[in-house]
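Enquirer: Would you mind keeping the following structure in view while I ask a few things?
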2 protein chains.
Amino acid sequence: MEDIYFDHAATTPMLEEVIKAMKPFYNQVFANPASSHLQGQKAASALEDARESVAEFIGAKNAEEVVFTSGGTEADNLALKGAAMAFSKKGKHIITSQIEHHAVLKSCEYLKKHLGFEITYLGVDQNGFVDPAELKEAVREDTVLISIMLANNEIGTIQPIKELASVARENNILFHTDAVQAAGQLKIDVNDLGVDLLSVSAHKFNGPKGIGALFVRKGVELIPQLSGGSQERKRRAGTANPAAAVGMARAAEIALKNLKKKSSKLNKLREYFISQLFSTFDNLKLNGPDSEKRLPANINIIKVRIN
Amino acid sequence: MEDIYFDHAATTPMLEEVIKAMKPFYNQVFANPASSHLQGQKAASALEDARESVAEFIGAKNAEEVVFTSGGTEADNLALKGAAMAFSKKGKHIITSQIEHHAVLKSCEYLKKHLGFEITYLGVDQNGFVDPAELKEAVREDTVLISIMLANNEIGTIQPIKELASVARENNILFHTDAVQAAGQLKIDVNDLGVDLLSVSAHKFNGPKGIGALFVRKGVELIPQLSGGSQERKRRAGTANPAAAVGMARAAEIALKNLKKKSSKLNKLREYFISQLFSTFDNLKLNGPDSEKRLPANINIIKVRIN
C-alpha cells in the first residue's frame with residue numbers, strides 16, 4: 001500500500017520546478033550578494049528578482065517592502081519584536097488573540113518579560129473567530145501593535161482581517177498578520193487587507209524550508225532582530241541566501257498561477273472527505289468553521305467520547 | 001580567459017557531494033521533523049545524524065550541545081543576546097574586541113541600547129591580536145560574557161583563544177568565540193579551546209547558505225532569540241531544515257577529513273602568492289600577522305600611497 005501524505009499543514013514537498021530553479025545557485029552563481037564584484041552582483045540580481053516575485057505573490061507594490069527571513073517564525077519575531085521595540089516610546093501595549101501561532105504568542109511573552117510590554121489576548125468564538133467589536137474595545141491609548149493571524153493552523157479559521165485591520169488603522173496602530181498557514185491556499189493582497197506587516201513561509205507552499213518573508217509597509221520602522229551586517233536594507237542581518245530566495249520565488253509564482261483552481265479543488269476534496277468520514281464513522285465532530293470561512297486544505301475532526 | 005574566484009572569505013561554492021546529500025530531503029524525506037508520524041521521524045532522524053557530524057567537526061562530545069541556526073549571524077546573536085539576557089541578574093557587563101564581526105558588535109549595541117548592558121571594547125595590536133593581560137584587567141564583578149573571535153575575517157589574525165578563555169573561566173564568566181571565518185581552515189575543538197559558546201556557518205566551508213550552528217556547552221542557559229515552537233530543545237524556534245542540516249554535516253565531514261592537507265596547501269599557496277605579489281609590484285603592505293598566526297586562506301594587501 002502506498003503512503004498518502006496528509007500533513008500539508010505542517011510542511012509540503014518541494015516542486016520539481018523549484019528544485020531545478022535553485023540548482024544554479026549552489027556552485028555556479030554562488031557568490032555573496034554583498035560582494036561588490038561581478039559574481040556578487042549576479043547573485044544580488046537574482047535575489048532582487050526573487051524579491052519581486054514574492055512581492056507580487058502578496059500583492060505588495062514595492063519589492064523593497066519584502067524582507068527575506070529564515071522562515072515564518074523569524075518573520076513573526078521580526079514583526080512583533082521589531083515593531084514593538086521601534087514604537088515603544090509611543091506605548092507598550094500589544095493586542096493579539098489566544099489562538100495565534102507560538103511564534104507570535106512566545107514573541108509577546110518575550111516582550112512582556114524582557115521589555116515590559118503588556119499584552120491583551122482576545123478570546124475567540126467556538127469556531128475560532130476574533131470579533132472586530134472586541135478588538136475595538138481592547139484598544140488603548142498606549143496600544144502600538146495588533147497581531148491577528150490570517151488563517152489558523154489548527155482549525156483553519158479565516159479571520160476577518162480587513163475589518164480587524166481597519167480598526168487598527170482608525171486608531172493609528174500597526175497591524176500584523178501571520179499569513180504563514182494561508183499563503184498558497186488563499187489569495188493574499190496586503191493592500192486590500194490593509195495590513196502593515198505580514199509573514200509568509202516558503203515551505204508551506206511547496207518551496208524550500210529555511211526561508212520566509214516579512215512584508216513591511218513602506219515607512220514602517222523596525223528594530224532589526226538579527227543584528228549585524230546591512231543586508232535586507234538594514235532590517236535583517238546575515239548572508240543572503242539566493243538559492244532559497246529563488247526557490248521561494250518560483251514556488252510563489254506557481255502557487256499564484258494555480259491558486260484559484262487549486263483552492264476550488266481542495267475545497268471540494270475537503271467537503272467530500274469530511275462527508276465520507278461522517279457517513280462512515282459515528283460520533284465525529286468537526287472543529288472550526290464550515291466551508292468558505294475555512295482554509296481549503298484544513299480538516300480538524302475529533303471522535304466524541306460517549307460515556 | 002577563465003574567471004578565478006578569489007573571495008572564499010565571503011562565501012564558498014557548495015561541493016557536489018553536499019548538493020547530492022541534500023537532494024533526498026527536498027521532496028522525498030521532506031516531512032516536518034516535529035511531526036510525530038513515521039515520515040516526520042525519518043526527517044528528525046536525519047536531522048539528529050547531521051547534528052552528530054557537526055558536533056564532531058567542532059570537537060563537542062555531546063550532539064545536544066549543537067543548536068542549528070540560520071547561519072553565523074544568527075548563531076552570534078543567540079550567543080550574545082541569549083547568554084547576556086539569561087545571566088543579566090548576575091550583571092550587565094560584556095567584554096569584546098574592537099575588530100569583531102558586525103554580528104557580534106551590533107548584538108552588543110542592541111544589548112546596550114535596549115537592555116541596559118555596558119560593553120568594553122578591547123583594542124588590538126597592529127596585527128590584530130587581543131592581549132590576554134588586557135582582558136584580565138577589563139574583567140569586572142558584573143561581567144557576564146566575553147566574546148572574542150577565533151580568527152578575523154578581514155586580516156586573518158588567529159587569536160589566542162585558549163588563553164583568553166582561561167581568563168574567563170578563572171573568573172567564572174561565559175566565553176563565546178565567533179569561529180565562522182576559522183571553520184574549515186583551522187581544527188576546532190571546543191574542549192581544547194575551553195569555550196562555552198562557539199559559532200560556525202556552513203557556507204564558509206563549502207556547505208549551503210542559510211544554516212549555521214551554535215555550540216552551547218552543557219549546562220549553559222540561553223534565552224531563545226527566535227521565540228516560538230520547541231525546536232532545538234527550546235533554544236531556537238522555527239521549522240527545522242533537514243536538507244540544510246544534512247548539507248552542513250556533509251560539508252563538515254569533508255572539511256574535517258581534508259583539514260590538515262588543505263590547510264597546509266593553502267598556507268603554501270598563500271606564501272607563494274604574497275611573495276609573487278611583492279616581487280612584482282612596489283609599495284605593497286601586508287595587513288595582519290605573518291604565516292602561522294594567520295588564517296591559511298587569508299591575504300590582505302594594500303598599495304601604500306607615495307606622496
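Ordering of the C-alpha cells sets the chain letters (A, B, ...), residue numbers begin anew at 1 in every chain, and ligands are numbered from 1 in the order given.
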Can you check which residues of range 218-260 of chain B DSSP gives as helix (DSSP H, G or I) on the backbone and send them as a ChimeraX atom specification?

Expert: /B:231-234,242-260

Enquirer: Within 7 Å of chain A, which residues of chain B show up? Give each one with its shortest atom-to-atom distance in Å (one decimal) and the two atoms involved, counting only C-alpha atoms, rows by chain then rising residue number, as JSON lines.

Expert:
```
{"residue": "B:Ala10", "atom": "CA", "partner": "A:Asn32", "partner_atom": "CA", "distance": 6.2}
{"residue": "B:Thr11", "atom": "CA", "partner": "A:Asn32", "partner_atom": "CA", "distance": 5.8}
{"residue": "B:Pro13", "atom": "CA", "partner": "A:Asn27", "partner_atom": "CA", "distance": 4.5}
{"residue": "B:Met14", "atom": "CA", "partner": "A:Asn27", "partner_atom": "CA", "distance": 5.2}
{"residue": "B:Tyr26", "atom": "CA", "partner": "A:Met14", "partner_atom": "CA", "distance": 5.5}
{"residue": "B:Asn27", "atom": "CA", "partner": "A:Pro13", "partner_atom": "CA", "distance": 4.5}
{"residue": "B:Phe30", "atom": "CA", "partner": "A:Pro13", "partner_atom": "CA", "distance": 5.7}
{"residue": "B:Ala31", "atom": "CA", "partner": "A:Thr11", "partner_atom": "CA", "distance": 6.2}
{"residue": "B:Asn32", "atom": "CA", "partner": "A:Thr11", "partner_atom": "CA", "distance": 5.8}
{"residue": "B:Ser70", "atom": "CA", "partner": "A:Ser70", "partner_atom": "CA", "distance": 6.1}
{"residue": "B:Thr73", "atom": "CA", "partner": "A:Gly238", "partner_atom": "CA", "distance": 5.2}
{"residue": "B:Glu74", "atom": "CA", "partner": "A:Leu226", "partner_atom": "CA", "distance": 6.3}
{"residue": "B:Asn77", "atom": "CA", "partner": "A:Leu226", "partner_atom": "CA", "distance": 6.4}
{"residue": "B:His102", "atom": "CA", "partner": "A:Gly228", "partner_atom": "CA", "distance": 4.5}
{"residue": "B:Ala103", "atom": "CA", "partner": "A:Gly228", "partner_atom": "CA", "distance": 3.7}
{"residue": "B:Val104", "atom": "CA", "partner": "A:Gly228", "partner_atom": "CA", "distance": 6.9}
{"residue": "B:Lys106", "atom": "CA", "partner": "A:Gly228", "partner_atom": "CA", "distance": 5.2}
{"residue": "B:Ser107", "atom": "CA", "partner": "A:Ser227", "partner_atom": "CA", "distance": 5.3}
{"residue": "B:Lys209", "atom": "CA", "partner": "A:Asn241", "partner_atom": "CA", "distance": 5.6}
{"residue": "B:Gly210", "atom": "CA", "partner": "A:Asn241", "partner_atom": "CA", "distance": 5.9}
{"residue": "B:Leu226", "atom": "CA", "partner": "A:Glu74", "partner_atom": "CA", "distance": 6.3}
{"residue": "B:Ser227", "atom": "CA", "partner": "A:Lys106", "partner_atom": "CA", "distance": 5.2}
{"residue": "B:Gly228", "atom": "CA", "partner": "A:Ala103", "partner_atom": "CA", "distance": 3.7}
{"residue": "B:Gly229", "atom": "CA", "partner": "A:His102", "partner_atom": "CA", "distance": 5.8}
{"residue": "B:Ala237", "atom": "CA", "partner": "A:Thr73", "partner_atom": "CA", "distance": 6.9}
{"residue": "B:Gly238", "atom": "CA", "partner": "A:Thr73", "partner_atom": "CA", "distance": 5.2}
{"residue": "B:Asn241", "atom": "CA", "partner": "A:Lys209", "partner_atom": "CA", "distance": 5.7}
```

Enquirer: Mind pulling up the distance from CA of Glu134 in chain A to CA of Ile148 in chain A?

Expert: 12.7 Å

Enquirer: Within 12 Å of Glu48 in chain B, counting only C-alpha atoms, which residues show up once you throw out same-chain ones fewer than 5 positions away? Write them as a PyMOL selection string, please.

Expert: chain B and resi 33+41-43+53-55+62-68+232-233+240-243+245-246+249

Enquirer: Per DSSP on the backbone, filter range 7-221 of chain B down to the residues in strand (DSSP E or B) and report them as an MDAnalysis selection string.

Expert: chainID B and resid 66:69 93:97 118:122 143:147 151 157:158 174:178 183 186 197:201 212:216

Enquirer: Please report the interatomic distance between CA of Phe273 in chain B and CA of Lys257 in chain B in Å with one decimal.

Expert: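 Separating CA of Phe273 in chain B from CA of Lys257 in chain B is a distance of 25.4 Å.
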